[in-house]
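Shown below: upload-v3.cif, with mmCIF, C-alpha atoms.
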```cif
data_structure
loop_
_atom_site.label_atom_id
_atom_site.label_comp_id
_atom_site.auth_asym_id
_atom_site.auth_seq_id
_atom_site.Cartn_x
_atom_site.Cartn_y
_atom_site.Cartn_z
CA MET A 1070 -53.37 -43.64 25.42
CA PRO A 1071 -54.21 -41.43 22.41
CA GLU A 1072 -57.40 -42.29 20.53
CA GLY A 1073 -56.90 -44.69 17.63
CA MET A 1074 -53.59 -46.03 18.93
CA SER A 1075 -53.41 -49.80 18.97
CA ALA A 1076 -50.97 -51.07 21.58
CA LYS A 1077 -50.45 -53.93 23.96
CA ILE A 1078 -49.19 -53.92 27.54
CA SER A 1079 -48.04 -57.19 29.11
CA GLN A 1080 -46.47 -58.17 32.43
CA VAL A 1081 -43.29 -60.20 32.39
CA ALA A 1082 -41.83 -61.90 35.43
CA GLY A 1083 -38.24 -60.77 35.96
CA GLU A 1084 -35.61 -61.48 38.60
CA GLY A 1085 -37.42 -60.38 41.69
CA GLU A 1086 -39.49 -57.73 39.92
CA ASP A 1087 -42.24 -57.36 37.34
CA LEU A 1088 -41.45 -55.85 33.94
CA THR A 1089 -43.95 -54.13 31.68
CA ILE A 1090 -43.67 -54.39 27.91
CA PHE A 1091 -45.41 -51.75 25.85
CA ASP A 1092 -46.04 -53.02 22.29
CA ASN A 1093 -47.14 -50.47 19.67
CA LYS A 1094 -46.09 -52.01 16.37
CA SER A 1095 -48.93 -50.41 14.44
CA GLY A 1096 -47.81 -46.97 15.55
CA LEU A 1097 -44.26 -47.77 14.49
CA ALA A 1098 -45.50 -48.97 11.08
CA ASP A 1099 -47.47 -45.77 10.57
CA ASP A 1100 -44.47 -43.61 11.45
CA LEU A 1101 -42.16 -45.53 9.12
CA LYS A 1102 -44.72 -45.33 6.32
CA PHE A 1103 -44.79 -41.57 6.81
CA LEU A 1104 -40.99 -41.53 6.77
CA ALA A 1105 -40.88 -43.29 3.40
CA SER A 1106 -43.44 -40.84 1.98
CA MET A 1107 -41.24 -37.81 2.70
CA PRO A 1108 -38.43 -37.47 0.12
CA GLU A 1109 -36.54 -34.98 2.29
CA LEU A 1110 -36.28 -37.62 5.04
CA CYS A 1111 -35.07 -40.38 2.70
CA ASP A 1112 -31.62 -41.02 1.31
CA VAL A 1113 -32.40 -43.14 -1.75
CA THR A 1114 -34.72 -42.51 -4.71
CA PHE A 1115 -35.71 -45.24 -7.16
CA LEU A 1116 -36.85 -44.16 -10.62
CA VAL A 1117 -39.24 -46.96 -11.52
CA GLY A 1118 -40.59 -48.22 -14.82
CA GLU A 1119 -40.77 -46.53 -18.20
CA THR A 1120 -42.18 -43.36 -16.65
CA ARG A 1121 -39.30 -43.19 -14.14
CA GLU A 1122 -41.75 -42.60 -11.31
CA PRO A 1123 -39.88 -41.74 -8.08
CA VAL A 1124 -40.17 -44.07 -5.09
CA CYS A 1125 -38.20 -43.03 -2.00
CA GLY A 1126 -36.80 -45.00 0.90
CA VAL A 1127 -34.28 -45.11 3.73
CA ARG A 1128 -31.16 -46.97 2.74
CA ALA A 1129 -30.38 -48.32 6.23
CA ILE A 1130 -33.87 -49.84 6.61
CA LEU A 1131 -33.79 -51.37 3.14
CA ALA A 1132 -30.35 -52.85 3.73
CA ALA A 1133 -31.31 -54.23 7.15
CA ARG A 1134 -34.40 -55.98 5.76
CA SER A 1135 -33.00 -57.24 2.45
CA ARG A 1136 -29.56 -58.67 1.77
CA VAL A 1137 -30.01 -57.80 -1.89
CA PHE A 1138 -30.44 -54.12 -1.04
CA HIS A 1139 -27.56 -54.33 1.44
CA GLN A 1140 -25.25 -55.60 -1.27
CA MET A 1141 -26.59 -53.03 -3.73
CA PHE A 1142 -25.90 -50.11 -1.40
CA PHE A 1143 -22.83 -51.06 0.63
CA GLN A 1144 -20.94 -53.90 -1.05
CA GLN A 1145 -20.30 -52.61 -4.53
CA SER A 1146 -16.92 -53.26 -6.07
CA SER A 1147 -14.38 -50.46 -5.58
CA SER A 1148 -12.36 -51.35 -8.71
CA PRO A 1149 -11.44 -48.44 -11.00
CA GLN A 1150 -13.61 -49.84 -13.77
CA LYS A 1151 -16.61 -50.12 -11.44
CA LYS A 1152 -16.07 -46.57 -10.19
CA LYS A 1153 -15.95 -45.33 -13.77
CA GLU A 1154 -19.22 -47.13 -14.62
CA ASN A 1155 -20.90 -45.78 -11.49
CA GLN A 1156 -19.72 -42.26 -12.27
CA ALA A 1157 -21.14 -42.50 -15.80
CA LYS A 1158 -24.49 -43.73 -14.44
CA GLU A 1159 -24.55 -40.94 -11.86
CA ASN A 1160 -23.87 -38.31 -14.53
CA LYS A 1161 -26.80 -39.61 -16.63
CA LEU A 1162 -29.07 -39.53 -13.60
CA ARG A 1163 -28.02 -35.99 -12.76
CA MET A 1164 -28.89 -34.87 -16.29
CA PHE A 1165 -32.26 -36.60 -16.05
CA LEU A 1166 -33.03 -35.05 -12.66
CA LYS A 1167 -31.95 -31.63 -13.86
CA ARG A 1168 -34.44 -31.76 -16.74
CA SER A 1169 -37.26 -33.09 -14.53
CA SER A 1170 -39.84 -30.74 -13.06
CA GLU A 1171 -40.80 -33.24 -10.34
CA PRO A 1172 -39.95 -31.70 -6.90
CA THR A 1173 -39.29 -35.08 -5.31
CA LEU A 1174 -36.40 -35.61 -7.67
CA ASN A 1175 -34.39 -32.69 -6.28
CA VAL A 1176 -32.03 -35.04 -4.50
CA GLN A 1177 -28.74 -34.12 -2.91
CA ASN A 1178 -25.70 -35.41 -4.79
CA ASN A 1179 -22.12 -34.89 -3.66
CA SER A 1180 -19.39 -34.27 -6.16
CA GLY A 1181 -17.56 -37.38 -4.91
CA SER A 1182 -17.66 -40.67 -6.81
CA ASN A 1183 -20.52 -43.11 -6.28
CA THR A 1184 -18.99 -46.20 -4.65
CA GLY A 1185 -21.92 -47.18 -2.46
CA SER A 1186 -20.38 -45.56 0.59
CA ALA A 1187 -22.75 -43.64 2.86
CA GLN A 1188 -19.98 -41.11 3.59
CA ASN A 1189 -19.44 -40.29 -0.08
CA MET A 1190 -23.05 -40.30 -1.17
CA PRO A 1191 -25.73 -38.74 1.08
CA HIS A 1192 -28.50 -39.40 -1.45
CA GLN A 1193 -28.43 -42.24 -3.94
CA THR A 1194 -30.58 -42.57 -7.08
CA LEU A 1195 -31.19 -45.86 -8.87
CA ILE A 1196 -33.22 -46.89 -11.91
CA ILE A 1197 -35.56 -49.89 -11.60
CA ASP A 1198 -36.81 -51.22 -14.95
CA GLU A 1199 -38.00 -54.69 -13.90
CA PHE A 1200 -41.15 -53.75 -12.01
CA GLU A 1201 -44.06 -51.37 -12.35
CA PRO A 1202 -44.21 -48.32 -10.04
CA ASP A 1203 -47.26 -49.57 -8.09
CA VAL A 1204 -45.58 -52.93 -7.47
CA PHE A 1205 -42.25 -51.48 -6.38
CA ARG A 1206 -43.95 -48.92 -4.13
CA GLN A 1207 -45.77 -51.75 -2.33
CA LEU A 1208 -42.48 -53.60 -1.91
CA ILE A 1209 -40.77 -50.55 -0.37
CA GLU A 1210 -43.78 -49.97 1.89
CA TYR A 1211 -43.60 -53.54 3.15
CA ILE A 1212 -39.88 -53.31 3.83
CA HIS A 1213 -40.34 -50.16 5.89
CA THR A 1214 -43.49 -51.14 7.77
CA GLY A 1215 -43.85 -54.93 7.65
CA CYS A 1216 -47.36 -54.45 6.28
CA VAL A 1217 -48.81 -54.23 2.77
CA THR A 1218 -52.24 -54.58 1.16
CA LEU A 1219 -52.26 -57.38 -1.41
CA GLN A 1220 -54.46 -56.84 -4.46
CA PRO A 1221 -55.12 -59.10 -7.46
CA ARG A 1222 -53.89 -56.42 -9.87
CA THR A 1223 -50.41 -56.21 -8.34
CA LEU A 1224 -50.18 -59.60 -6.59
CA LEU A 1225 -47.90 -61.36 -9.07
CA GLY A 1226 -45.59 -58.36 -9.39
CA VAL A 1227 -45.23 -58.07 -5.61
CA MET A 1228 -44.61 -61.82 -5.30
CA ASN A 1229 -41.84 -61.75 -7.92
CA ALA A 1230 -40.36 -58.57 -6.42
CA ALA A 1231 -40.34 -60.23 -2.99
CA ASP A 1232 -38.53 -63.21 -4.48
CA ARG A 1233 -36.07 -60.94 -6.33
CA TYR A 1234 -35.15 -59.02 -3.15
CA GLY A 1235 -35.08 -61.99 -0.78
CA LEU A 1236 -38.26 -61.27 1.22
CA GLU A 1237 -39.37 -64.85 1.79
CA ASP A 1238 -42.20 -64.10 4.24
CA LEU A 1239 -43.83 -61.70 1.79
CA ARG A 1240 -43.42 -64.15 -1.08
CA LYS A 1241 -45.14 -66.91 0.92
CA SER A 1242 -47.98 -64.58 1.89
CA CYS A 1243 -48.52 -63.66 -1.77
CA HIS A 1244 -48.51 -67.33 -2.77
CA GLY A 1245 -51.10 -68.10 -0.12
CA PHE A 1246 -53.36 -65.33 -1.42
CA ILE A 1247 -53.38 -66.56 -5.04
CA GLN A 1248 -56.22 -69.05 -4.77
CA SER A 1249 -58.52 -66.72 -2.89
CA CYS A 1250 -58.15 -63.90 -5.42
CA ILE A 1251 -58.86 -65.98 -8.54
CA ASN A 1252 -62.45 -65.55 -9.69
CA VAL A 1253 -64.36 -64.81 -12.89
CA ASP A 1254 -64.06 -61.06 -12.38
CA THR A 1255 -60.29 -61.04 -11.89
CA VAL A 1256 -59.04 -63.92 -14.04
CA CYS A 1257 -58.42 -61.93 -17.25
CA ALA A 1258 -56.54 -59.21 -15.35
CA LEU A 1259 -54.46 -61.92 -13.68
CA LEU A 1260 -53.60 -63.44 -17.06
CA GLN A 1261 -52.49 -60.03 -18.34
CA THR A 1262 -50.30 -59.63 -15.27
CA ALA A 1263 -48.79 -63.06 -15.81
CA ASP A 1264 -47.84 -62.03 -19.32
CA ARG A 1265 -46.08 -58.95 -17.91
CA TYR A 1266 -43.94 -61.03 -15.51
CA VAL A 1267 -43.56 -64.20 -17.54
CA GLN A 1268 -39.75 -64.18 -17.19
CA TYR A 1269 -39.81 -64.64 -13.40
CA LYS A 1270 -39.85 -68.03 -11.73
CA CYS A 1271 -42.81 -67.34 -9.40
CA THR A 1272 -45.02 -66.79 -12.44
CA LYS A 1273 -45.05 -70.45 -13.48
CA ALA A 1274 -46.92 -71.72 -10.41
CA PHE A 1275 -49.19 -68.66 -10.51
CA LEU A 1276 -50.07 -69.21 -14.16
CA LYS A 1277 -50.76 -72.90 -13.57
CA GLN A 1278 -53.40 -72.09 -10.96
CA VAL A 1279 -55.02 -69.39 -13.10
CA LEU A 1280 -55.18 -71.61 -16.19
CA GLU A 1281 -56.71 -74.45 -14.18
CA PHE A 1282 -59.47 -72.06 -13.11
CA VAL A 1283 -59.94 -70.99 -16.74
CA ASP A 1284 -60.25 -74.65 -17.75
CA GLU A 1285 -62.98 -75.22 -15.19
CA LYS A 1286 -64.98 -72.05 -16.00
CA GLY A 1287 -64.24 -72.02 -19.72
CA ASN A 1288 -67.64 -71.10 -21.18
CA GLU A 1289 -68.18 -68.35 -18.62
CA ILE A 1290 -64.73 -66.79 -19.05
CA LEU A 1291 -64.74 -66.92 -22.85
CA ASN A 1292 -67.93 -64.85 -22.82
CA LEU A 1293 -66.34 -62.04 -20.80
CA GLY A 1294 -65.74 -58.75 -22.57
CA SER A 1295 -62.33 -58.56 -20.89
CA PHE A 1296 -61.32 -61.79 -22.65
CA ALA A 1297 -60.96 -59.80 -25.88
CA LEU A 1298 -58.26 -57.67 -24.21
CA LEU A 1299 -55.90 -60.59 -23.61
CA PRO A 1300 -52.72 -60.90 -25.71
CA LEU A 1301 -53.10 -63.13 -28.76
CA HIS A 1302 -50.68 -65.81 -27.58
CA VAL A 1303 -52.57 -66.10 -24.28
CA VAL A 1304 -55.89 -66.61 -26.09
CA ARG A 1305 -54.33 -69.25 -28.35
CA LEU A 1306 -52.81 -70.99 -25.35
CA ILE A 1307 -56.23 -71.21 -23.69
CA PHE A 1308 -57.92 -72.48 -26.88
CA SER A 1309 -55.29 -75.19 -27.33
CA ARG A 1310 -55.65 -76.65 -23.83
CA LYS A 1311 -57.27 -80.08 -23.92
CA SER A 1312 -58.60 -79.61 -20.40
CA LEU A 1313 -60.59 -76.48 -21.33
CA VAL A 1314 -64.29 -77.00 -20.55
CA ALA A 1315 -65.90 -74.95 -23.31
CA ASP A 1316 -68.05 -75.81 -26.31
CA GLU A 1317 -66.68 -75.07 -29.77
CA PHE A 1318 -69.29 -72.46 -30.68
CA THR A 1319 -68.39 -70.47 -27.56
CA LYS A 1320 -64.74 -70.66 -28.65
CA PHE A 1321 -65.77 -69.44 -32.11
CA GLN A 1322 -67.67 -66.49 -30.62
CA ALA A 1323 -64.78 -65.62 -28.28
CA ALA A 1324 -62.30 -65.75 -31.17
CA LEU A 1325 -64.60 -63.58 -33.26
CA MET A 1326 -64.97 -61.09 -30.40
CA TRP A 1327 -61.18 -60.92 -29.96
CA THR A 1328 -60.70 -60.44 -33.72
CA MET A 1329 -63.24 -57.63 -33.95
CA LYS A 1330 -61.67 -55.86 -30.97
CA TYR A 1331 -58.25 -56.19 -32.59
CA SER A 1332 -59.51 -54.86 -35.92
CA ASP A 1333 -61.13 -51.89 -34.17
CA MET A 1334 -57.71 -50.95 -32.82
CA ASN A 1335 -55.96 -51.73 -36.11
CA SER A 1336 -58.21 -50.43 -38.86
CA ASP A 1337 -55.81 -51.36 -41.66
CA VAL A 1338 -56.06 -55.14 -41.10
CA ASP A 1339 -58.38 -57.64 -42.76
CA TRP A 1340 -60.33 -59.05 -39.83
CA LYS A 1341 -61.23 -62.25 -41.69
CA LYS A 1342 -57.58 -62.95 -42.40
CA VAL A 1343 -56.68 -62.27 -38.76
CA PHE A 1344 -59.33 -64.77 -37.67
CA ARG A 1345 -58.28 -67.44 -40.16
CA ASP A 1346 -54.56 -67.09 -39.50
CA ASN A 1347 -54.88 -67.30 -35.73
CA PHE A 1348 -57.97 -69.29 -34.76
CA LEU A 1349 -59.21 -71.47 -37.60
CA SER A 1350 -57.19 -74.55 -36.67
CA LEU A 1351 -57.95 -74.20 -32.95
CA ILE A 1352 -61.73 -74.63 -33.29
CA LYS A 1353 -63.32 -78.03 -33.93
CA PHE A 1354 -66.15 -77.00 -36.24
CA HIS A 1355 -67.41 -80.59 -36.59
CA LYS A 1356 -68.50 -80.38 -32.93
CA ILE A 1357 -70.75 -77.37 -33.58
CA PRO A 1358 -74.36 -78.48 -34.30
CA ALA A 1359 -75.33 -78.36 -37.98
CA ASN A 1360 -78.14 -75.85 -37.50
CA VAL A 1361 -75.77 -73.51 -35.64
CA LEU A 1362 -73.14 -73.89 -38.35
CA MET A 1363 -75.62 -72.91 -41.04
CA LYS A 1364 -77.43 -70.13 -39.18
CA GLU A 1365 -74.63 -68.54 -37.12
CA VAL A 1366 -71.24 -69.46 -38.59
CA ASP A 1367 -71.59 -69.79 -42.38
CA PRO A 1368 -73.38 -66.45 -43.01
CA LEU A 1369 -70.34 -64.57 -41.67
CA LYS A 1370 -68.21 -66.03 -44.49
CA VAL A 1371 -65.15 -66.13 -42.27
CA VAL A 1372 -64.86 -69.93 -42.22
CA PRO A 1373 -63.94 -71.47 -45.61
CA ASN A 1374 -66.65 -73.55 -47.31
CA ASP A 1375 -64.55 -76.72 -47.28
CA ILE A 1376 -64.39 -76.66 -43.48
CA ILE A 1377 -68.16 -76.14 -43.20
CA VAL A 1378 -68.87 -79.00 -45.62
CA THR A 1379 -66.41 -81.30 -43.90
CA ALA A 1380 -68.00 -80.57 -40.53
CA LEU A 1381 -71.48 -81.34 -41.90
CA ALA A 1382 -70.25 -84.49 -43.61
CA TYR A 1383 -68.66 -85.71 -40.41
CA GLN A 1384 -71.89 -85.19 -38.49
CA ALA A 1385 -73.78 -87.16 -41.15
CA ASP A 1386 -71.26 -90.01 -41.20
CA PRO A 1387 -68.17 -89.80 -38.95
CA SER A 1388 -66.48 -92.63 -40.85
CA CYS A 1389 -66.39 -90.77 -44.15
CA VAL A 1390 -64.08 -87.90 -43.33
CA ASP A 1391 -61.26 -86.82 -41.08
CA PRO A 1392 -62.46 -83.58 -39.41
CA GLU A 1393 -58.87 -82.67 -38.52
CA ASN A 1394 -58.00 -82.57 -42.22
CA PRO A 1395 -60.77 -80.65 -44.03
CA SER A 1396 -58.74 -80.53 -47.25
CA GLY A 1397 -58.72 -84.31 -47.46
CA SER A 1398 -61.13 -86.26 -49.60
CA ILE A 1399 -64.48 -87.50 -48.37
CA ALA A 1400 -64.45 -91.26 -48.82
CA ASN A 1401 -68.11 -92.01 -49.36
CA LEU A 1402 -69.68 -88.69 -50.23
CA SER A 1403 -72.16 -90.30 -52.64
CA ASP A 1404 -73.46 -92.52 -49.85
CA ILE A 1405 -74.14 -89.65 -47.45
CA GLN A 1406 -77.72 -88.45 -47.27
CA ILE A 1407 -77.66 -84.72 -46.63
CA ASN A 1408 -80.77 -82.63 -47.02
CA ASN A 1409 -80.09 -80.13 -49.80
CA ALA A 1410 -81.91 -77.48 -47.81
CA SER A 1411 -79.19 -77.71 -45.18
CA LEU A 1412 -76.55 -76.60 -47.66
CA PRO A 1413 -77.86 -73.38 -49.18
CA SER A 1414 -75.50 -71.83 -51.72
CA LEU A 1415 -72.56 -73.97 -50.59
CA GLU A 1416 -70.19 -75.36 -53.19
CA LEU A 1417 -68.21 -78.54 -52.54
CA GLN A 1418 -64.77 -77.03 -52.58
CA TYR A 1419 -61.75 -78.83 -51.24
CA ALA A 1420 -58.88 -76.40 -51.46
CA SER A 1421 -55.84 -76.44 -49.24
CA ASN A 1422 -56.59 -74.79 -45.94
CA SER A 1423 -54.09 -72.42 -44.38
CA THR A 1424 -52.93 -73.58 -40.98
CA LEU A 1425 -51.22 -71.96 -38.08
CA SER A 1426 -47.55 -72.41 -37.52
CA SER A 1427 -46.77 -75.02 -34.89
CA PHE A 1428 -48.09 -73.85 -31.58
CA GLU A 1429 -46.78 -75.01 -28.23
CA SER A 1430 -49.75 -75.68 -26.00
CA SER A 1431 -47.80 -76.61 -22.88
CA GLU A 1432 -47.70 -74.39 -19.82
CA HIS A 1433 -43.95 -73.83 -19.97
CA VAL A 1434 -42.89 -70.38 -18.85
CA SER A 1435 -39.34 -69.18 -19.47
CA SER A 1436 -38.47 -67.91 -16.29
CA ASP A 1437 -61.60 -56.82 -6.07
CA GLY A 1438 -60.70 -58.70 -2.95
CA ASN A 1439 -57.82 -57.45 -0.89
CA SER A 1440 -55.79 -59.29 1.69
CA LYS A 1441 -53.82 -57.70 4.46
CA THR A 1442 -50.57 -59.39 5.38
CA GLN A 1443 -48.29 -58.44 8.21
CA VAL A 1444 -45.07 -60.26 9.02
#
```

structure tokens encoding of this file:
Amino acid sequence: MPEGMSAKISQVAGEGEDLTIFDNKSGLADDLKFLASMPELCDVTFLVGETREPVCGVRAILAARSRVFHQMFFQQSSSPQKKKENQAKENKLRMFLKRSSEPTLNVQNNSGSNTGSAQNMPHQTLIIDEFEPDVFRQLIEYIHTGCVTLQPRTLLGVMNAADRYGLEDLRKSCHGFIQSCINVDTVCALLQTADRYVQYKCTKAFLKQVLEFVDEKGNEILNLGSFALLPLHVVRLIFSRKSLVADEFTKFQAALMWTMKYSDMNSDVDWKKVFRDNFLSLIKFHKIPANVLMKEVDPLKVVPNDIIVTALAYQADPSCVDPENPSGSIANLSDIQINNASLPSLELQYASNSTLSSFESSEHVSSDGNSKTQV
């Protein structure tokens, strides 16, 4: 047996004779992976994502492994209107391929109409907008070989693609890998991925598990530099979760870090306004110790004075003020003993405080360790 070849030989009892079964699935997978990597050996090219990156495959293998691909290739409607639409799409693709300098896009197209028939169309070209090139390439690799390397970066995309194309075994394997790939180093990347595939049904369960981990490791995750790269609505969702285990000063620092990162990328914005508009109502300043408020928060002049004073008043006498309504009156201000030294240069202002628009804090969704899975 050639070196490096993994195979299995077993004896099977037959009718009056022994049979030998030679099993070399790994060799078959390697050959099929090579087949899919050679455009001249394939008969379908997918142009994937915004960059229209080419991903090639063999139509017969794809159709045999996925009913969705089978219907896509061989069960298209033959109505005149459908033929006309297919012809228009094919003409657009031909123009795109003609302008492209990518050698792998030099596909063979017959002059006949595109009806999904193998006889009329030796090489078919389709556009895939729903998934990223890396994700779709892994899907095609799995279909051809039965084997794919799961990675945190592409896990959710592969899981949703497997669900979209009816590959239940792959979907289950991805779901089983979720918990083991969630850690402090990967969680922000996973949240960004979830935002990319939020419209797919597999994302809801995925996001639930990731957010539960964020709740548990709140202080640690909010201090990550990668936290500042998350989309705004994801950061606000995390801040609004009642189950988040994080102190309010850490939330303030994380919000400030996100705001400064955003202002670095958008130099024309007022960073203080960005902070106030998006985070002010999501931080409970009355839970930040008074000395920290005065030494770390107030000097930045990003939090209005009335909120600072209300927080200090609440800590002196919780019964005198509603910390959720800093613009409200303090009932017994004259009875509160506050050291004047703790309020340097602060004026007792009680102006209306701008608040965020209503924010839905529920987990509703509208629609580097690696793991090797082989089905």

* Asked: For the atom pair CA of Ala1230 (chain A) and CA of Lys1286 (chain A), what is the interatomic distance in Å to one decimal place?
  ->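 That distance, rounded to one decimal, is 29.7 Å.
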
* Asked: Quick one: distance from CA of Asn1288 (chain A) to CA of Trp1327 (chain A) in Å, one decimal?
  ->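 CA of Trp1327 (chain A) lies 14.9 Å from CA of Asn1288 (chain A).
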
* **Residues returned when the PyMOL selection byres ((chain A and resi 1210-1215) around 12) runs on this file, as a PyMOL selection string** => chain A and resi 1094-1106+1111+1124-1136+1138+1203-1209+1216-1219+1227-1228+1230-1231+1234-1240+1242+1441-1444

* Got a sec to resolve the PyMOL selection byres ((chain A and resi 1347) around 9) on this structure and send the residues as a PyMOL selection string? -> chain A and resi 1301+1305+1324+1342-1346+1348-1351+1424-1425

Please write the residues from the selection above to a file, keeping C-alpha atoms, as a PDB file, in the frame of the given file.
```pdb
ATOM      1  CA  LEU A1301     -53.100 -63.130 -28.760  1.00  0.00           C
ATOM      2  CA  ARG A1305     -54.330 -69.250 -28.350  1.00  0.00           C
ATOM      3  CA  ALA A1324     -62.300 -65.750 -31.170  1.00  0.00           C
ATOM      4  CA  LYS A1342     -57.580 -62.950 -42.400  1.00  0.00           C
ATOM      5  CA  VAL A1343     -56.680 -62.270 -38.760  1.00  0.00           C
ATOM      6  CA  PHE A1344     -59.330 -64.770 -37.670  1.00  0.00           C
ATOM      7  CA  ARG A1345     -58.280 -67.440 -40.160  1.00  0.00           C
ATOM      8  CA  ASP A1346     -54.560 -67.090 -39.500  1.00  0.00           C
ATOM      9  CA  PHE A1348     -57.970 -69.290 -34.760  1.00  0.00           C
ATOM     10  CA  LEU A1349     -59.210 -71.470 -37.600  1.00  0.00           C
ATOM     11  CA  SER A1350     -57.190 -74.550 -36.670  1.00  0.00           C
ATOM     12  CA  LEU A1351     -57.950 -74.200 -32.950  1.00  0.00           C
ATOM     13  CA  THR A1424     -52.930 -73.580 -40.980  1.00  0.00           C
ATOM     14  CA  LEU A1425     -51.220 -71.960 -38.080  1.00  0.00           C
TER      15      LEU A1425
END
```

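The residue that comes closest to Gln1193 (chain A), out of A:Leu1116, A:Leu1298, A:Ala1323, A:Ile1357 and on the basis of only C-alpha atoms, is A:Leu1116.
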
* Please, what distance in Å, to one decimal, runs between CA of Glu1393 (chain A) and CA of Tyr1331 (chain A)? -> 27.1 Å

* Contact residues around Ser1295 (chain A) with only C-alpha atoms at 12 Å, ignoring same-chain residues under 2 positions, as a ChimeraX atom specification -> /A:1253-1261,1289-1293,1297-1300,1304,1323,1326-1327,1330
